[in-house]
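The structure appears right after this line, and notes come after that.
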Amino acid sequence: MNIQPKKVSESIITMTELVLPNNTNQLGKLLGGQLMHWIDICAALCSSKHTQRVCVTASVDRIDFHHSINLADAVTLVSSINRVFNTSMEVGVKVYAESFREGKRIHTNSAYLTFVSLDNDGKPTAAVKAIPVSEDEKRRYEEALQRREARLQSRKK
Ligand SMILES: CC(C)(COP(=O)(O)OP(=O)(O)OC[C@H]1O[C@@H](n2cnc3c(N)ncnc32)[C@H](O)[C@@H]1OP(=O)(O)O)[C@@H](O)C(=O)NCCC(=O)NCCS
């Protein structure tokens with residue numbers, strides 16, 4: 001399969017979830033593990049839309065929880081390809097929590113995940129290149145290389 005490079009904007013995924021009682025802890029706050037699951041799914045959709053292949057999560061960078069998210073909030077996750085390397089790519093996910101009742105929306109988390117594109121035999125295969133166009137996309141593209149170098153360094157330790 002020979003797919004031409006695609007613009008980053010072609011594979012952006014936006015996902016909205018409603019925080020239900022089953023997703024919360026005893027204080028009525030969204031469970032961290034539930035949020036990490038949504039982040040992984042949102043990034044997986046983006047990488048497979050971009051590559052048109054099955055992609056697996058190779059690693060997830062540190063995720064900080066700056067704000068708690070409440071029961072009945074709407075959680076919107078937006079993922080995009082920051083940069084494709086060879087078989088792997090960095091996907092960025094931004095998370096927003098919104099209370100419709102209060103009319104308030106906050107950016108709660110950002111996450112960076114590495115996905116690897118697989119061929120039909122389940123082996124890593126070259127991923128379609130992603131072309132950054134906007135200023136933000138170009139900035140993320142540059143920063144992704146620094147993060148990859150730090151990841152490769154830490155895997156050597
Ligand atoms: C991720 C996986 C495919 C890598 O396979 P591998 O045989 O180690 O492949 P390679 O060493 O050739 O690495 C392939 C790419 O993955 C990257 N990679 C491998 N491990 C990584 C890690 N821990 N973090 C970031 N990138 C990683 C490599 O840098 C390389 O990238 P590049 O081709 O862009 O340079 C393999 O380890 C795997 O299948 N892991 C399990 C994935 C999984 O089950 N995820 C959860 C369910 S989706």
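Identifiers in this document derive from the order of the structure tokens: chains are assigned A, B, ..., residues are numbered from 1 separately in each chain, and ligands are numbered from 1 in order of occurrence.
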Could you give me, as a PyMOL selection string, every polymer residue with an atom at most 9 Å away from an atom of ligand 1, counting only C-alpha atoms and all ligand atoms?
chain A and resi 40+44+54-61+84-90+113-118+122-127+148+151-152+155
Residues of region 36-134 of chain A classed as alpha helix (DSSP H) by DSSP on the backbone are to be reported as a list in words.
Met36, His37, Trp38, Ile39, Asp40, Ile41, Cys42, Ala43, Ala44, Leu45, Cys46, Ser47, Ser48, Lys49, His50 and Thr51 of chain A
Which of region 4-154 of chain A end up as strand (DSSP E) when DSSP is run on this backbone - answer as a ChimeraX atom specification?
/A:6-7,13-18,55-60,74-84,88-99,104-117,130-131
If you keep N, CA and C atoms, can you produce a file of those selected residues as a compact mmCIF listing (two decimals), in the first residue's frame?
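To be explicit, this is the file written out as again_24.txt:
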```
# COMPACT_ATOMS: atom_id res chain seq x y z
N LYS A 6 -0.01 12.99 3.89
CA LYS A 6 -1.30 13.66 4.13
C LYS A 6 -1.10 14.85 5.05
N LYS A 7 -2.00 15.81 4.95
CA LYS A 7 -1.95 16.94 5.89
C LYS A 7 -2.38 16.46 7.27
N ILE A 13 -8.99 13.83 15.11
CA ILE A 13 -10.17 13.15 15.69
C ILE A 13 -10.67 13.97 16.88
N THR A 14 -11.97 14.19 16.92
CA THR A 14 -12.61 14.84 18.07
C THR A 14 -13.64 13.88 18.65
N MET A 15 -13.54 13.65 19.94
CA MET A 15 -14.40 12.66 20.61
C MET A 15 -15.00 13.31 21.85
N THR A 16 -16.28 13.20 22.05
CA THR A 16 -16.86 13.76 23.29
C THR A 16 -17.53 12.65 24.09
N GLU A 17 -17.22 12.63 25.38
CA GLU A 17 -17.78 11.63 26.30
C GLU A 17 -18.50 12.36 27.44
N LEU A 18 -19.56 11.73 27.95
CA LEU A 18 -20.27 12.27 29.12
C LEU A 18 -19.79 11.51 30.35
N CYS A 55 -2.64 0.39 14.06
CA CYS A 55 -1.50 0.97 14.78
C CYS A 55 -1.62 0.58 16.25
N VAL A 56 -0.47 0.30 16.88
CA VAL A 56 -0.52 -0.06 18.30
C VAL A 56 0.19 1.00 19.14
N THR A 57 -0.24 1.10 20.38
CA THR A 57 0.39 2.03 21.32
C THR A 57 1.73 1.45 21.72
N ALA A 58 2.82 2.18 21.46
CA ALA A 58 4.15 1.74 21.89
C ALA A 58 4.47 2.35 23.24
N SER A 59 4.09 3.61 23.44
CA SER A 59 4.33 4.23 24.74
C SER A 59 3.44 5.46 24.93
N VAL A 60 3.28 5.81 26.18
CA VAL A 60 2.52 7.01 26.56
C VAL A 60 3.44 7.83 27.44
N ALA A 74 -18.99 17.22 30.21
CA ALA A 74 -18.71 16.68 28.87
C ALA A 74 -17.19 16.77 28.69
N VAL A 75 -16.58 15.67 28.30
CA VAL A 75 -15.12 15.65 28.10
C VAL A 75 -14.85 15.53 26.61
N THR A 76 -14.16 16.51 26.07
CA THR A 76 -13.84 16.48 24.63
C THR A 76 -12.34 16.25 24.47
N LEU A 77 -12.01 15.28 23.62
CA LEU A 77 -10.60 14.95 23.36
C LEU A 77 -10.34 15.23 21.87
N VAL A 78 -9.23 15.89 21.62
CA VAL A 78 -8.87 16.20 20.23
C VAL A 78 -7.46 15.65 19.98
N SER A 79 -7.34 14.77 18.98
CA SER A 79 -6.02 14.18 18.71
C SER A 79 -5.56 14.53 17.31
N SER A 80 -4.25 14.68 17.17
CA SER A 80 -3.67 14.93 15.84
C SER A 80 -2.26 14.36 15.80
N ILE A 81 -1.80 14.12 14.57
CA ILE A 81 -0.45 13.58 14.39
C ILE A 81 0.54 14.74 14.53
N ASN A 82 1.45 14.62 15.49
CA ASN A 82 2.46 15.68 15.64
C ASN A 82 3.60 15.48 14.65
N ARG A 83 4.04 14.22 14.51
CA ARG A 83 5.13 13.96 13.57
C ARG A 83 5.24 12.46 13.33
N VAL A 84 5.51 12.10 12.08
CA VAL A 84 5.77 10.70 11.75
C VAL A 84 7.27 10.53 11.64
N SER A 88 7.01 4.69 13.39
CA SER A 88 6.28 5.24 14.54
C SER A 88 5.89 6.69 14.31
N MET A 89 4.96 7.14 15.13
CA MET A 89 4.51 8.54 15.04
C MET A 89 4.10 9.01 16.43
N GLU A 90 4.28 10.32 16.66
CA GLU A 90 3.79 10.90 17.91
C GLU A 90 2.41 11.48 17.66
N VAL A 91 1.47 11.12 18.53
CA VAL A 91 0.11 11.66 18.47
C VAL A 91 -0.09 12.52 19.72
N GLY A 92 -0.60 13.72 19.52
CA GLY A 92 -0.89 14.59 20.65
C GLY A 92 -2.40 14.59 20.92
N VAL A 93 -2.76 14.56 22.20
CA VAL A 93 -4.19 14.61 22.57
C VAL A 93 -4.40 15.76 23.55
N LYS A 94 -5.36 16.61 23.25
CA LYS A 94 -5.74 17.67 24.20
C LYS A 94 -7.10 17.34 24.77
N VAL A 95 -7.25 17.53 26.07
CA VAL A 95 -8.50 17.18 26.74
C VAL A 95 -9.13 18.45 27.34
N TYR A 96 -10.42 18.61 27.09
CA TYR A 96 -11.18 19.74 27.63
C TYR A 96 -12.38 19.20 28.42
N ALA A 97 -12.66 19.82 29.56
CA ALA A 97 -13.86 19.44 30.33
C ALA A 97 -14.80 20.63 30.30
N GLU A 98 -16.07 20.33 30.12
CA GLU A 98 -17.05 21.41 30.00
C GLU A 98 -18.28 21.11 30.85
N SER A 99 -18.66 22.10 31.63
CA SER A 99 -19.93 22.00 32.35
C SER A 99 -20.92 22.87 31.58
N LYS A 104 -18.90 26.62 31.41
CA LYS A 104 -17.44 26.75 31.61
C LYS A 104 -16.71 25.61 30.91
N ARG A 105 -15.62 25.95 30.19
CA ARG A 105 -14.82 24.92 29.52
C ARG A 105 -13.36 25.12 29.90
N ILE A 106 -12.71 24.05 30.37
CA ILE A 106 -11.29 24.21 30.71
C ILE A 106 -10.45 23.14 30.03
N HIS A 107 -9.20 23.52 29.74
CA HIS A 107 -8.23 22.56 29.19
C HIS A 107 -7.65 21.82 30.39
N THR A 108 -7.90 20.52 30.48
CA THR A 108 -7.48 19.79 31.68
C THR A 108 -6.18 19.01 31.50
N ASN A 109 -5.93 18.48 30.32
CA ASN A 109 -4.75 17.64 30.14
C ASN A 109 -4.23 17.72 28.70
N SER A 110 -2.94 17.43 28.57
CA SER A 110 -2.36 17.19 27.24
C SER A 110 -1.57 15.90 27.36
N ALA A 111 -1.57 15.11 26.30
CA ALA A 111 -0.82 13.85 26.36
C ALA A 111 -0.14 13.59 25.03
N TYR A 112 1.01 12.93 25.09
CA TYR A 112 1.74 12.54 23.88
C TYR A 112 1.90 11.03 23.90
N LEU A 113 1.49 10.41 22.79
CA LEU A 113 1.59 8.95 22.71
C LEU A 113 2.36 8.58 21.45
N THR A 114 3.07 7.44 21.52
CA THR A 114 3.74 6.95 20.31
C THR A 114 3.00 5.72 19.83
N PHE A 115 2.63 5.76 18.55
CA PHE A 115 1.96 4.62 17.91
C PHE A 115 2.86 4.07 16.82
N VAL A 116 2.77 2.75 16.60
CA VAL A 116 3.56 2.11 15.54
C VAL A 116 2.58 1.51 14.53
N SER A 117 2.86 1.78 13.27
CA SER A 117 2.03 1.30 12.17
C SER A 117 2.45 -0.14 11.83
N ALA A 130 3.24 12.92 7.61
CA ALA A 130 2.19 13.91 7.91
C ALA A 130 2.75 15.30 7.66
N ILE A 131 2.02 16.12 6.95
CA ILE A 131 2.50 17.46 6.59
C ILE A 131 1.87 18.50 7.51
```
Residues within 10 Å of Gln34 (chain A), please, as a list in words. Count only C-alpha atoms; anything in the same chain fewer than 6 positions from it doesn't count.
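My reading of the contact set: Val19, Asn22, Asn23, Thr24 and Asp40 of chain A.
Residue nearest Asp119 (chain A), chosen from A:Lys156, A:His37, A:Arg62, A:Arg53 and counting only C-alpha atoms: A:Arg53.
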Any idea what's packed within 8 Å of Leu71 (chain A), counting only C-alpha atoms, ignoring anything in its chain fewer than 3 positions away? Could you give it as an mmCIF file with C-alpha atoms, in the first residue's frame?
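Dumped to part.cif:
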```cif
data_model
loop_
_atom_site.group_PDB
_atom_site.id
_atom_site.type_symbol
_atom_site.label_atom_id
_atom_site.label_comp_id
_atom_site.auth_asym_id
_atom_site.auth_seq_id
_atom_site.Cartn_x
_atom_site.Cartn_y
_atom_site.Cartn_z
ATOM 1 C CA VAL A 19 -18.928 11.563 32.636
ATOM 2 C CA LEU A 20 -21.343 9.035 34.155
ATOM 3 C CA PRO A 21 -21.422 7.723 37.763
ATOM 4 C CA THR A 24 -16.124 8.455 38.800
ATOM 5 C CA GLY A 28 -17.696 12.270 42.002
ATOM 6 C CA LYS A 29 -14.522 13.014 40.011
ATOM 7 C CA LEU A 30 -13.587 11.304 36.738
#
```
Using only C-alpha atoms, which residues sit within 12 Å of Ser134 (chain A) once same-chain residues fewer than 5 positions away are excluded, as a ChimeraX atom specification?
/A:7-9,82,139-141
Could you please determine the separation between CA of Pro132 (chain A) and CA of Ser48 (chain A) in Å, to one decimal place?
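Distance between the two atoms: 17.6 Å.
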